[in-house]
Amino acid sequence: MKKLLALTLIFALAFPAFADYPDRNITGVVLWGAGGTTDSLIRPLSAVAEQYLGKSIIIQNMTGAAGSVATQYVYDAKPDGYTLLMGAENPALYDVLGISEVTYDEFDCVYLIGDEAVGIIVGKNSPYKTFTEAINAAKEKPFTLKYSMTGKGGLPWVVGSFIMDVTGAMFNMIPYESDSAAKNAVVNGECDFTACLLLQGIEEAKAGDVKFLSVMANEPARALPDVPLIVKEFPGFSKYLPWGAFYGVFAKKGTDPAIIAKLADAFKKAGPDENYQKVLVNFDVNFMGYTGEKAAQYISSWRKNTVEALKSSGALDD
């Protein structure tokens, strides 16, 4: 019996558990709903990555509390590589916004897909033809223009804070349950303007239901090359750029480094896939494909710049 136990121990040491990883399907928890940008980027990427892993990646959408429900769920799971967080930028700010103490600091970034620019939109019947016109109107009559947002921590809220800091204009900030609802409030005339990811407003722009007044970027957007850059009208925005949503795959800290490496290798092979690159182009996402320290540095820098910007705007207490 002792000899059998000794042989079992030797075998376990010689062939650690990660050697057979994965030996079952992996769950990928998307912190936003089905059909959204995060979900639409993660599903095709996972479909390619699972070919290199030899097992399926089962996508599970879990919404609630700006994505913190899904983030907490993955954090509470075993750090064994079988429950991954498929997320956007939101968890990077949970602690400073008082949403949750569980942030990306508690995770290793397996694969950072890329980031996406943001634009400012108005409805088709808006009297404002340029971003400057809208800002001037807001400054003439503070708190009269209605800006739709998704509540504290959401992308429109963050961008609204940037706008107020740079321009000095003040708006009536109207909260909605989702980015889509905030955008629709502009489409149907409930609100004057908002910020949205470029892809989220392109179809409405093509249909003539909204107009992009500006893009928050240093370079013209591939999808909307003729839309003015916000820094051309207000150079002060340059201190916040580049800035936008980012997307990635994360594993809870404590996961065996060899498992992280296997996952990273699979996603690194999947990212440059020709068909997946077409998906990124269609979503106007700037491809990065970062892993390891490079991914960690990007997220750390993004968080630092965003927190400083929010403090400067008065959206956060020092």
# chains A, B, ... in the order shown; residues from 1 in each chain; ligands from 1
>>> residues_around(residues="segment 245-255 of chain A", least_positions_apart="2", cutoff="6 Å", atoms="only C-alpha atoms", output="ChimeraX atom specification")
/A:75,79-80,84-89,106-116
>>> residues_around(residues="Glu203 of chain A", least_positions_apart="5", cutoff="12 Å", atoms="only C-alpha atoms", output="list in words")
Lys183, Val187, Leu197, Leu198, Gly208, Asp209, Val210, Lys211, Phe212, Ala223, Leu224, Asn282 and Phe283 of chain A
>>> write_last_selection(atoms="N, CA and C atoms", output="CSV table (one decimal), in the first residue's frame")
chain,number,residue,atom,x,y,z
A,183,LYS,N,-28.6,55.6,-25.8
A,183,LYS,CA,-28.6,56.0,-27.2
A,183,LYS,C,-30.0,56.2,-27.8
A,187,VAL,N,-32.1,59.1,-29.9
A,187,VAL,CA,-32.8,58.8,-31.2
A,187,VAL,C,-34.2,59.3,-31.2
A,197,LEU,N,-20.1,54.0,-28.2
A,197,LEU,CA,-19.1,53.4,-29.0
A,197,LEU,C,-19.5,53.5,-30.5
A,198,LEU,N,-18.5,53.7,-31.4
A,198,LEU,CA,-18.8,54.0,-32.7
A,198,LEU,C,-19.8,53.0,-33.4
A,208,GLY,N,-29.9,57.9,-40.7
A,208,GLY,CA,-30.2,59.3,-40.5
A,208,GLY,C,-30.9,59.6,-39.2
A,209,ASP,N,-30.9,58.6,-38.3
A,209,ASP,CA,-31.6,58.8,-37.0
A,209,ASP,C,-30.7,59.6,-36.0
A,210,VAL,N,-29.4,59.5,-36.2
A,210,VAL,CA,-28.4,60.2,-35.3
A,210,VAL,C,-27.3,60.8,-36.2
A,211,LYS,N,-26.6,61.7,-35.6
A,211,LYS,CA,-25.4,62.3,-36.3
A,211,LYS,C,-24.3,62.3,-35.3
A,212,PHE,N,-23.1,61.8,-35.7
A,212,PHE,CA,-21.9,61.9,-34.9
A,212,PHE,C,-21.3,63.3,-35.1
A,223,ALA,N,-14.3,53.6,-39.4
A,223,ALA,CA,-15.7,53.5,-39.8
A,223,ALA,C,-16.3,54.8,-40.1
A,224,LEU,N,-15.8,55.9,-39.5
A,224,LEU,CA,-16.3,57.2,-39.7
A,224,LEU,C,-15.2,58.2,-40.0
A,282,ASN,N,-15.1,45.1,-38.6
A,282,ASN,CA,-16.5,45.5,-38.6
A,282,ASN,C,-17.0,46.2,-37.3
A,283,PHE,N,-16.3,45.9,-36.2
A,283,PHE,CA,-16.6,46.6,-35.0
A,283,PHE,C,-15.7,47.8,-34.7
>>> select_by_dssp(residues="segment 10-178 of chain A", states="strand (DSSP E)", output="count of residues only")
39
>>> closest_residue(among="A:Met149, A:Leu53, A:Val74, A:Leu41", to="Ile259 of chain A", atoms="only C-alpha atoms")
A:Leu53
>>> residues_around(residues="Thr150 of chain A", least_positions_apart="4", cutoff="7 Å", atoms="only C-alpha atoms", output="list in words")
Gly154, Pro156, Trp157, Pro175, Tyr176, Glu177, Ser178, Asp179 and Ala182 of chain A
>>> write_last_selection(atoms="C-alpha atoms", output="compact mmCIF listing (two decimals), in the first residue's frame")
# COMPACT_ATOMS: atom_id res chain seq x y z
CA GLY A 154 -20.79 53.59 -17.34
CA PRO A 156 -21.37 57.69 -21.19
CA TRP A 157 -20.96 58.82 -17.56
CA PRO A 175 -29.60 57.90 -16.25
CA TYR A 176 -30.76 54.89 -18.29
CA GLU A 177 -30.39 51.15 -17.74
CA SER A 178 -28.04 50.44 -20.65
CA ASP A 179 -25.90 52.04 -23.34
CA ALA A 182 -29.16 55.89 -23.47
>>> atom_distance(atom1="atom CA of Gly33 of chain A", atom2="atom CA of Ala195 of chain A")
19.5 Å
>>> closest_residue(among="A:Thr291, A:Thr306, A:Gln297, A:Thr144", to="Asn90 of chain A", atoms="only C-alpha atoms")
A:Thr306
>>> select_by_dssp(residues="segment 97-170 of chain A", states="alpha helix (DSSP H)", output="PyMOL selection string")
chain A and resi 131-140+155-167
